[in-house]
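Just input.cif here, mmCIF, C-alpha atoms:
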```cif
data_data
#
loop_
_atom_site.group_PDB
_atom_site.id
_atom_site.type_symbol
_atom_site.label_atom_id
_atom_site.label_comp_id
_atom_site.auth_asym_id
_atom_site.auth_seq_id
_atom_site.Cartn_x
_atom_site.Cartn_y
_atom_site.Cartn_z
ATOM 1 C CA MET X 99 -12.938 7.363 37.286
ATOM 2 C CA GLY X 100 -12.670 4.005 39.055
ATOM 3 C CA ALA X 101 -16.389 3.299 38.747
ATOM 4 C CA ASN X 102 -16.423 4.180 35.043
ATOM 5 C CA PHE X 103 -13.390 2.014 34.411
ATOM 6 C CA GLU X 104 -14.946 -0.947 36.209
ATOM 7 C CA ARG X 105 -18.182 -0.445 34.237
ATOM 8 C CA MET X 106 -16.234 -0.468 30.951
ATOM 9 C CA ILE X 107 -14.528 -3.716 31.952
ATOM 10 C CA GLN X 108 -17.824 -5.356 32.856
ATOM 11 C CA GLU X 109 -19.395 -4.233 29.566
ATOM 12 C CA TYR X 110 -16.436 -5.636 27.662
ATOM 13 C CA ARG X 111 -16.588 -8.952 29.500
ATOM 14 C CA GLY X 112 -20.322 -9.165 28.901
ATOM 15 C CA ASP X 113 -20.002 -8.569 25.145
ATOM 16 C CA MET X 114 -20.359 -12.047 23.616
ATOM 17 C CA GLU X 115 -18.471 -10.876 20.494
ATOM 18 C CA SER X 116 -15.479 -9.567 22.454
ATOM 19 C CA VAL X 117 -12.073 -11.244 22.312
ATOM 20 C CA TYR X 118 -12.521 -12.035 25.991
ATOM 21 C CA GLN X 119 -15.548 -14.208 25.212
ATOM 22 C CA THR X 120 -14.406 -15.640 21.872
ATOM 23 C CA TRP X 121 -10.788 -16.375 22.682
ATOM 24 C CA PHE X 122 -9.695 -15.863 26.285
ATOM 25 C CA ILE X 123 -12.238 -18.159 27.965
ATOM 26 C CA ASP X 124 -13.671 -21.560 27.130
ATOM 27 C CA ASN X 125 -11.802 -21.842 23.855
ATOM 28 C CA ASP X 126 -10.347 -25.241 23.022
ATOM 29 C CA GLN X 127 -8.562 -23.787 20.005
ATOM 30 C CA ARG X 128 -6.730 -21.286 22.216
ATOM 31 C CA LEU X 129 -5.597 -24.006 24.602
ATOM 32 C CA LYS X 130 -4.439 -26.088 21.650
ATOM 33 C CA ALA X 131 -2.422 -23.100 20.407
ATOM 34 C CA PHE X 132 -0.737 -22.764 23.790
ATOM 35 C CA ARG X 133 0.331 -26.413 23.682
ATOM 36 C CA THR X 134 1.539 -26.134 20.073
ATOM 37 C CA ILE X 135 3.586 -23.009 20.778
ATOM 38 C CA ARG X 136 5.063 -24.423 23.961
ATOM 39 C CA ASN X 137 6.092 -27.624 22.175
ATOM 40 C CA GLY X 138 7.500 -25.519 19.353
ATOM 41 C CA VAL X 139 9.660 -23.555 21.781
ATOM 42 C CA ILE X 140 11.040 -26.855 23.056
ATOM 43 C CA GLU X 141 12.032 -27.746 19.472
ATOM 44 C CA VAL X 142 13.711 -24.352 19.014
ATOM 45 C CA ILE X 143 15.754 -24.947 22.170
ATOM 46 C CA LYS X 144 16.759 -28.424 20.956
ATOM 47 C CA ASP X 145 17.849 -27.079 17.566
ATOM 48 C CA ILE X 146 19.977 -24.369 19.142
ATOM 49 C CA GLU X 147 21.574 -26.785 21.610
ATOM 50 C CA ASN X 148 22.239 -29.345 18.854
ATOM 51 C CA ASN X 149 23.615 -26.697 16.440
ATOM 52 C CA THR X 150 20.911 -27.468 13.867
ATOM 53 C CA PHE X 151 18.996 -24.203 14.127
ATOM 54 C CA GLY X 152 20.346 -22.703 10.916
ATOM 55 C CA ASN X 153 21.187 -19.144 9.881
ATOM 56 C CA ASP X 154 17.795 -17.771 8.883
ATOM 57 C CA PHE X 155 14.285 -17.362 10.215
ATOM 58 C CA LYS X 156 12.728 -18.910 7.119
ATOM 59 C CA GLY X 157 12.341 -22.672 7.454
ATOM 60 C CA SER X 158 13.391 -22.691 11.104
ATOM 61 C CA THR X 159 11.490 -24.094 14.059
ATOM 62 C CA LEU X 160 11.266 -20.519 15.342
ATOM 63 C CA GLU X 161 9.249 -19.598 12.248
ATOM 64 C CA ILE X 162 6.758 -22.355 13.119
ATOM 65 C CA VAL X 163 6.393 -20.981 16.661
ATOM 66 C CA VAL X 164 5.991 -17.332 15.684
ATOM 67 C CA THR X 165 3.650 -18.178 12.800
ATOM 68 C CA ALA X 166 1.434 -20.058 15.253
ATOM 69 C CA ILE X 167 1.428 -16.947 17.462
ATOM 70 C CA ALA X 168 0.561 -14.646 14.553
ATOM 71 C CA GLU X 169 -2.372 -16.882 13.590
ATOM 72 C CA GLN X 170 -4.092 -16.119 16.879
ATOM 73 C CA LYS X 171 -6.287 -13.055 17.423
ATOM 74 C CA GLN X 172 -5.519 -9.698 15.798
ATOM 75 C CA VAL X 173 -3.463 -8.589 18.774
ATOM 76 C CA PHE X 174 -0.695 -10.929 17.587
ATOM 77 C CA GLU X 175 -0.854 -9.975 13.911
ATOM 78 C CA GLY X 176 2.628 -9.192 12.625
ATOM 79 C CA ALA X 177 4.385 -10.941 15.517
ATOM 80 C CA ALA X 178 6.772 -12.617 13.082
ATOM 81 C CA HIS X 179 8.135 -9.400 11.602
ATOM 82 C CA ALA X 180 10.546 -8.715 14.452
ATOM 83 C CA PHE X 181 12.156 -12.116 13.855
ATOM 84 C CA TYR X 182 12.692 -11.701 10.113
ATOM 85 C CA TRP X 183 16.426 -11.775 9.425
ATOM 86 C CA LYS X 184 17.557 -8.412 8.039
ATOM 87 C CA PRO X 185 21.160 -9.115 6.954
ATOM 88 C CA LYS X 186 22.131 -5.548 6.095
ATOM 89 C CA LEU X 187 21.130 -4.346 9.560
ATOM 90 C CA ARG X 188 22.046 -7.656 11.176
ATOM 91 C CA ILE X 189 18.864 -7.733 13.232
ATOM 92 C CA PRO X 190 17.743 -9.693 15.057
ATOM 93 C CA ASP X 191 21.300 -10.894 15.556
ATOM 94 C CA ILE X 192 20.522 -14.474 16.607
ATOM 95 C CA TYR X 193 21.082 -16.296 13.322
ATOM 96 C CA GLU X 194 24.719 -15.887 12.274
ATOM 97 C CA ASN X 195 26.123 -14.905 15.667
ATOM 98 C CA GLU X 196 26.592 -18.164 17.557
ATOM 99 C CA ARG X 197 27.091 -16.498 20.933
ATOM 100 C CA ASN X 198 23.814 -14.611 20.621
ATOM 101 C CA LYS X 199 22.047 -17.692 19.297
ATOM 102 C CA LYS X 200 23.132 -19.706 22.323
ATOM 103 C CA ALA X 201 22.123 -16.874 24.680
ATOM 104 C CA PHE X 202 18.675 -16.768 23.077
ATOM 105 C CA GLY X 203 18.352 -20.545 23.454
ATOM 106 C CA ARG X 204 19.353 -20.413 27.113
ATOM 107 C CA PHE X 205 16.843 -17.616 27.662
ATOM 108 C CA LEU X 206 13.981 -19.638 26.161
ATOM 109 C CA LYS X 207 14.939 -22.738 28.136
ATOM 110 C CA SER X 208 15.226 -20.861 31.434
ATOM 111 C CA CYS X 209 11.892 -19.109 30.868
ATOM 112 C CA LEU X 210 10.263 -22.405 29.948
ATOM 113 C CA GLN X 211 11.468 -23.907 33.239
ATOM 114 C CA ALA X 212 10.808 -20.803 35.383
ATOM 115 C CA THR X 213 8.094 -21.037 38.028
ATOM 116 C CA THR X 214 8.138 -17.522 39.513
ATOM 117 C CA GLU X 215 7.926 -13.958 38.259
ATOM 118 C CA LYS X 216 11.310 -13.205 39.829
ATOM 119 C CA GLN X 217 12.987 -15.929 37.788
ATOM 120 C CA LEU X 218 11.458 -14.588 34.574
ATOM 121 C CA ILE X 219 12.580 -11.030 35.278
ATOM 122 C CA GLU X 220 16.093 -12.264 36.036
ATOM 123 C CA GLU X 221 16.243 -14.075 32.697
ATOM 124 C CA ILE X 222 15.013 -10.980 30.847
ATOM 125 C CA VAL X 223 17.737 -8.915 32.496
ATOM 126 C CA LYS X 224 20.353 -11.514 31.532
ATOM 127 C CA LEU X 225 19.160 -11.461 27.935
ATOM 128 C CA ASP X 226 19.333 -7.680 27.851
ATOM 129 C CA GLN X 227 22.882 -7.776 29.178
ATOM 130 C CA SER X 228 23.800 -9.886 26.154
ATOM 131 C CA GLN X 229 23.016 -6.772 24.047
ATOM 132 C CA ILE X 230 21.563 -8.716 21.126
ATOM 133 C CA LYS X 231 20.547 -6.293 18.399
ATOM 134 C CA GLY X 232 16.941 -6.331 17.260
ATOM 135 C CA LEU X 233 15.223 -8.622 19.725
ATOM 136 C CA GLY X 234 11.827 -6.954 19.860
ATOM 137 C CA PRO X 235 8.441 -7.478 21.474
ATOM 138 C CA ALA X 236 7.788 -10.714 19.602
ATOM 139 C CA VAL X 237 9.888 -12.270 22.376
ATOM 140 C CA ALA X 238 7.344 -10.922 24.841
ATOM 141 C CA ASN X 239 4.610 -12.658 22.888
ATOM 142 C CA ILE X 240 6.487 -15.945 23.218
ATOM 143 C CA LEU X 241 6.680 -15.372 26.966
ATOM 144 C CA TYR X 242 2.927 -14.743 27.071
ATOM 145 C CA PHE X 243 2.268 -18.197 25.623
ATOM 146 C CA LEU X 244 4.669 -19.748 28.150
ATOM 147 C CA HIS X 245 3.432 -17.759 31.175
ATOM 148 C CA PRO X 246 0.067 -16.123 30.382
ATOM 149 C CA THR X 247 -0.637 -15.236 34.012
ATOM 150 C CA VAL X 248 2.548 -13.161 34.221
ATOM 151 C CA PHE X 249 3.029 -11.599 30.787
ATOM 152 C CA PRO X 250 0.296 -9.890 28.767
ATOM 153 C CA PRO X 251 0.037 -10.056 24.971
ATOM 154 C CA PHE X 252 1.975 -7.293 23.240
ATOM 155 C CA ASN X 253 1.602 -5.047 20.231
ATOM 156 C CA THR X 254 2.384 -1.413 19.426
ATOM 157 C CA ALA X 255 -1.024 -0.124 20.545
ATOM 158 C CA ILE X 256 -0.794 -1.867 23.931
ATOM 159 C CA VAL X 257 2.688 -0.487 24.547
ATOM 160 C CA LYS X 258 1.675 3.054 23.557
ATOM 161 C CA GLY X 259 -1.306 2.834 25.881
ATOM 162 C CA PHE X 260 0.886 1.649 28.743
ATOM 163 C CA ASN X 261 3.396 4.446 28.161
ATOM 164 C CA LEU X 262 0.584 6.994 28.066
ATOM 165 C CA SER X 263 -0.981 5.753 31.291
ATOM 166 C CA ALA X 264 2.410 5.559 33.003
ATOM 167 C CA CYS X 265 3.366 9.028 31.713
ATOM 168 C CA ARG X 266 6.793 7.915 30.501
ATOM 169 C CA GLN X 267 8.503 9.048 27.312
ATOM 170 C CA SER X 268 9.085 6.283 24.760
ATOM 171 C CA ARG X 269 12.810 5.625 24.510
ATOM 172 C CA GLN X 270 15.151 2.662 24.234
ATOM 173 C CA ALA X 271 13.998 0.076 26.739
ATOM 174 C CA VAL X 272 16.142 -1.786 29.223
ATOM 175 C CA LEU X 273 14.606 -5.179 28.639
ATOM 176 C CA ILE X 274 13.601 -7.219 25.618
ATOM 177 C CA TYR X 275 11.030 -4.620 24.549
ATOM 178 C CA ARG X 276 13.953 -2.587 23.163
ATOM 179 C CA TYR X 277 12.211 -1.042 20.178
ATOM 180 C CA LYS X 278 8.771 -0.450 21.649
ATOM 181 C CA GLY X 279 9.628 1.891 24.474
ATOM 182 C CA ILE X 280 8.525 0.155 27.685
ATOM 183 C CA GLY X 281 10.370 1.264 30.804
ATOM 184 C CA GLY X 282 12.989 -1.024 32.308
ATOM 185 C CA GLY X 283 13.091 -3.456 35.176
ATOM 186 C CA ASN X 284 9.908 -4.968 36.524
ATOM 187 C CA ARG X 285 8.082 -1.657 36.936
ATOM 188 C CA MET X 286 5.294 -2.898 34.755
ATOM 189 C CA LEU X 287 4.340 -5.285 37.547
ATOM 190 C CA GLN X 288 4.113 -2.516 40.148
ATOM 191 C CA ARG X 289 1.561 0.110 41.083
ATOM 192 C CA HIS X 290 2.485 3.707 40.314
ATOM 193 C CA GLN X 291 2.485 5.556 43.606
ATOM 194 C CA GLU X 292 2.084 9.051 42.123
ATOM 195 C CA ASP X 293 -0.204 10.361 39.404
ATOM 196 C CA ARG X 294 2.081 12.476 37.206
ATOM 197 C CA ARG X 295 -0.182 12.847 34.183
ATOM 198 C CA HIS X 296 -0.679 16.576 34.770
ATOM 199 C CA VAL X 297 2.919 17.445 35.665
ATOM 200 C CA GLU X 298 4.432 19.853 33.167
ATOM 201 C CA THR X 299 7.918 19.117 31.906
ATOM 202 C CA THR X 300 10.258 20.408 29.230
ATOM 203 C CA VAL X 301 12.483 18.067 27.267
ATOM 204 C CA LYS X 302 14.498 18.182 24.079
ATOM 205 C CA ILE X 303 13.405 15.484 21.636
ATOM 206 C CA ASP X 304 17.067 14.844 20.842
ATOM 207 C CA ASP X 305 17.696 13.924 24.484
ATOM 208 C CA LEU X 306 15.206 11.055 24.208
ATOM 209 C CA VAL X 307 17.375 9.257 21.642
ATOM 210 C CA PRO X 308 20.394 7.372 23.076
ATOM 211 C CA GLU X 309 23.760 8.396 21.650
ATOM 212 C CA ASP X 310 24.442 4.907 20.242
ATOM 213 C CA HIS X 311 20.952 4.415 18.775
ATOM 214 C CA LEU X 312 20.709 3.075 15.230
ATOM 215 C CA VAL X 313 18.774 6.106 13.972
ATOM 216 C CA ARG X 314 21.719 8.358 14.814
ATOM 217 C CA LYS X 315 24.032 6.102 12.835
ATOM 218 C CA LEU X 316 21.658 6.178 9.872
ATOM 219 C CA GLU X 317 21.514 9.974 10.032
ATOM 220 C CA LYS X 318 25.304 10.190 9.874
ATOM 221 C CA ALA X 319 25.698 7.558 7.162
ATOM 222 C CA ILE X 320 22.984 8.663 4.706
ATOM 223 C CA ASP X 321 22.380 12.043 3.099
ATOM 224 C CA PHE X 322 18.617 12.046 2.520
ATOM 225 C CA SER X 323 18.576 15.334 0.588
ATOM 226 C CA PHE X 324 18.484 13.420 -2.726
ATOM 227 C CA ILE X 325 14.781 12.782 -2.042
ATOM 228 C CA TYR X 326 13.939 16.432 -2.708
ATOM 229 C CA ASP X 327 15.166 16.147 -6.304
ATOM 230 C CA ILE X 328 13.176 12.955 -6.853
ATOM 231 C CA VAL X 329 9.839 14.382 -5.691
ATOM 232 C CA LYS X 330 10.128 18.062 -6.632
ATOM 233 C CA ASP X 331 7.862 17.651 -9.683
ATOM 234 C CA LEU X 332 5.105 16.217 -7.473
ATOM 235 C CA TYR X 333 4.677 19.446 -5.481
ATOM 236 C CA SER X 334 3.165 22.755 -6.556
ATOM 237 C CA PRO X 335 5.172 25.902 -5.732
ATOM 238 C CA ASP X 336 2.102 28.133 -5.330
ATOM 239 C CA HIS X 337 -1.003 25.977 -4.756
ATOM 240 C CA GLY X 338 -2.306 23.880 -1.879
ATOM 241 C CA ARG X 339 -1.525 23.756 1.801
ATOM 242 C CA PRO X 340 2.026 23.501 3.194
ATOM 243 C CA SER X 341 3.280 19.949 2.826
ATOM 244 C CA ILE X 342 4.975 17.586 5.214
ATOM 245 C CA ASP X 343 8.689 17.454 4.486
ATOM 246 C CA PRO X 344 9.111 14.515 2.027
ATOM 247 C CA VAL X 345 12.325 13.484 3.776
ATOM 248 C CA VAL X 346 10.378 13.157 7.033
ATOM 249 C CA LEU X 347 7.766 11.002 5.292
ATOM 250 C CA PHE X 348 10.482 8.773 3.848
ATOM 251 C CA LYS X 349 12.185 8.423 7.213
ATOM 252 C CA MET X 350 8.878 7.407 8.815
ATOM 253 C CA TYR X 351 8.505 4.493 6.394
ATOM 254 C CA LEU X 352 12.171 3.582 6.840
ATOM 255 C CA ILE X 353 11.771 3.472 10.617
ATOM 256 C CA ARG X 354 8.611 1.362 10.256
ATOM 257 C CA TYR X 355 10.514 -1.196 8.184
ATOM 258 C CA ILE X 356 13.680 -1.317 10.282
ATOM 259 C CA PHE X 357 11.988 -1.622 13.667
ATOM 260 C CA GLY X 358 8.976 -3.676 12.576
ATOM 261 C CA ILE X 359 6.384 -1.023 13.460
ATOM 262 C CA ARG X 360 3.131 -1.809 11.657
ATOM 263 C CA SER X 361 1.654 1.681 11.923
ATOM 264 C CA MET X 362 2.773 5.175 12.882
#
```
Rewrite the structure of this file - the entire thing - as structure tokens.
Amino acid sequence: MGANFERMIQEYRGDMESVYQTWFIDNDQRLKAFRTIRNGVIEVIKDIENNTFGNDFKGSTLEIVVTAIAEQKQVFEGAAHAFYWKPKLRIPDIYENERNKKAFGRFLKSCLQATTEKQLIEEIVKLDQSQIKGLGPAVANILYFLHPTVFPPFNTAIVKGFNLSACRQSRQAVLIYRYKGIGGGNRMLQRHQEDRRHVETTVKIDDLVPEDHLVRKLEKAIDFSFIYDIVKDLYSPDHGRPSIDPVVLFKMYLIRYIFGIRSM
């Protein structure tokens, strides 16, 4: 396994068309992007401290930063979505809530000034303790451009791959990766001492959803049965294969929109 994995890495590094060759090394444009994003974060911090940040993502200095991130390689595509202000859901709650806005500003400033992994982890824990709704993995992407030797780039596929390799169920995270299911603390920086990929376990899906999770509130607040009446004429009663429940399909798209998941 180890030899095959090392061979795959070497093949990837040797591929002149790979992202490693075209973006991660010897790329002046990449280095310029790092400087632009870092300077943009400084402007975001200034705006928050000077109370000039505003109440929306659009037109803010944060939009400039996240747009610059999204313009990088495909791994960052869609990075801005988690920061779009969704007023009905009030996520991410850093625009109209002054306390949360200040906490977010302090977090960015402390991370910008941090020099060790321990300091960064401490700031992430502090931010999580602020319980700001809707701060997703786009924050992790900002941290990557501030500390690329500590934090990797993030997207849904990377997180799913990490969860699969770590053999952990995706559930509400402890840190800023709240809606992408990475385990808490600084475990991601540690080796896993035991291979548990082949351990059998039995769980109830319902147990994986925290009691105060937004999806439970949506389930209680909305009766989705009206969808059956809307789509009943689109289904045949006696032809074709059994269908996927249309309510389930609708909920999948709703979850994608609410939590900024680009694919499911």
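Note that atom CA of X:Val139 and atom CA of X:Val223 are 19.9 Å apart.
Atom to atom, atom CA of X:Val237 and atom CA of X:Gly176 stand 12.5 Å apart.
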Residues near X:Glu221, cut-off 8 Å, all atoms listed in the file, skip fewer than 5 positions along chain, as a PyMOL selection string | chain X and resi 205+208-209
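With all atoms listed in the file as the atoms that count, the residue of X:Phe322, X:Phe249, X:Phe122, X:Phe181 with the shortest distance to X:Ser158 is X:Phe181.
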Separation of atom CA of X:Val164 from atom CA of X:Ile135, in Å and rounded to one decimal | 8.0 Å
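With distances restricted to all atoms listed in the file, X:Arg188 is the closest residue to X:Asp154 from X:Arg188, X:Arg136, X:Arg314, X:Arg339.
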Take every atom of stretch 343-359 of chain X listed in the file, pad by 3 Å on each side, and give me the axis-aligned box centre and edge lengths in Å, one decimal, as AutoDock Vina command-line options.
```
--center_x 10.0 --center_y 6.9 --center_z 7.8 --size_x 13.3 --size_y 27.1 --size_z 17.6
```
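Shortest separation to X:Phe132 among X:Gln170, X:Asn148, X:Gln108, X:Asn195 occurs at residue X:Gln170, atoms counted being all atoms listed in the file.
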Which polymer residues have any atom within 12 Å of an atom of stretch 210-217 of chain X, counting all atoms listed in the file, with same-chain residues fewer than 6 positions away left out, as number ranges by chain?
-> X: 135-143, 203-204, 223-224, 240-249, 283-284, 286-287
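Nearest-residue note for X:Lys130: choosing from X:Ile353, X:Leu218, X:Ile303, X:Ile167, the minimum distance belongs to X:Ile167, counting all atoms listed in the file.
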For X:Lys200: contacts at 12 Å, all atoms listed in the file, fewer than 2 positions along chain excluded, given as a PyMOL selection string = chain X and resi 142-151+191-198+202-207+225+228+230
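Selection result for the displayed file, with the PyMOL selection byres ((chain X and resi 231) around 7) as criterion, is X:Ile189, X:Pro190, X:Asp191, X:Gln229, X:Ile230, X:Gly232, X:Leu233.
Applied to this file, the PyMOL selection byres ((chain X and resi 344) around 12) selects Phe322, Ser323, Phe324, Ile325, Tyr326, Asp327, Ile328, Val329, Lys330, Leu332, Tyr333, Pro340, Ser341, Ile342, Asp343, Val345, Val346, Leu347, Phe348, Lys349, Met350 and Tyr351 of chain X.
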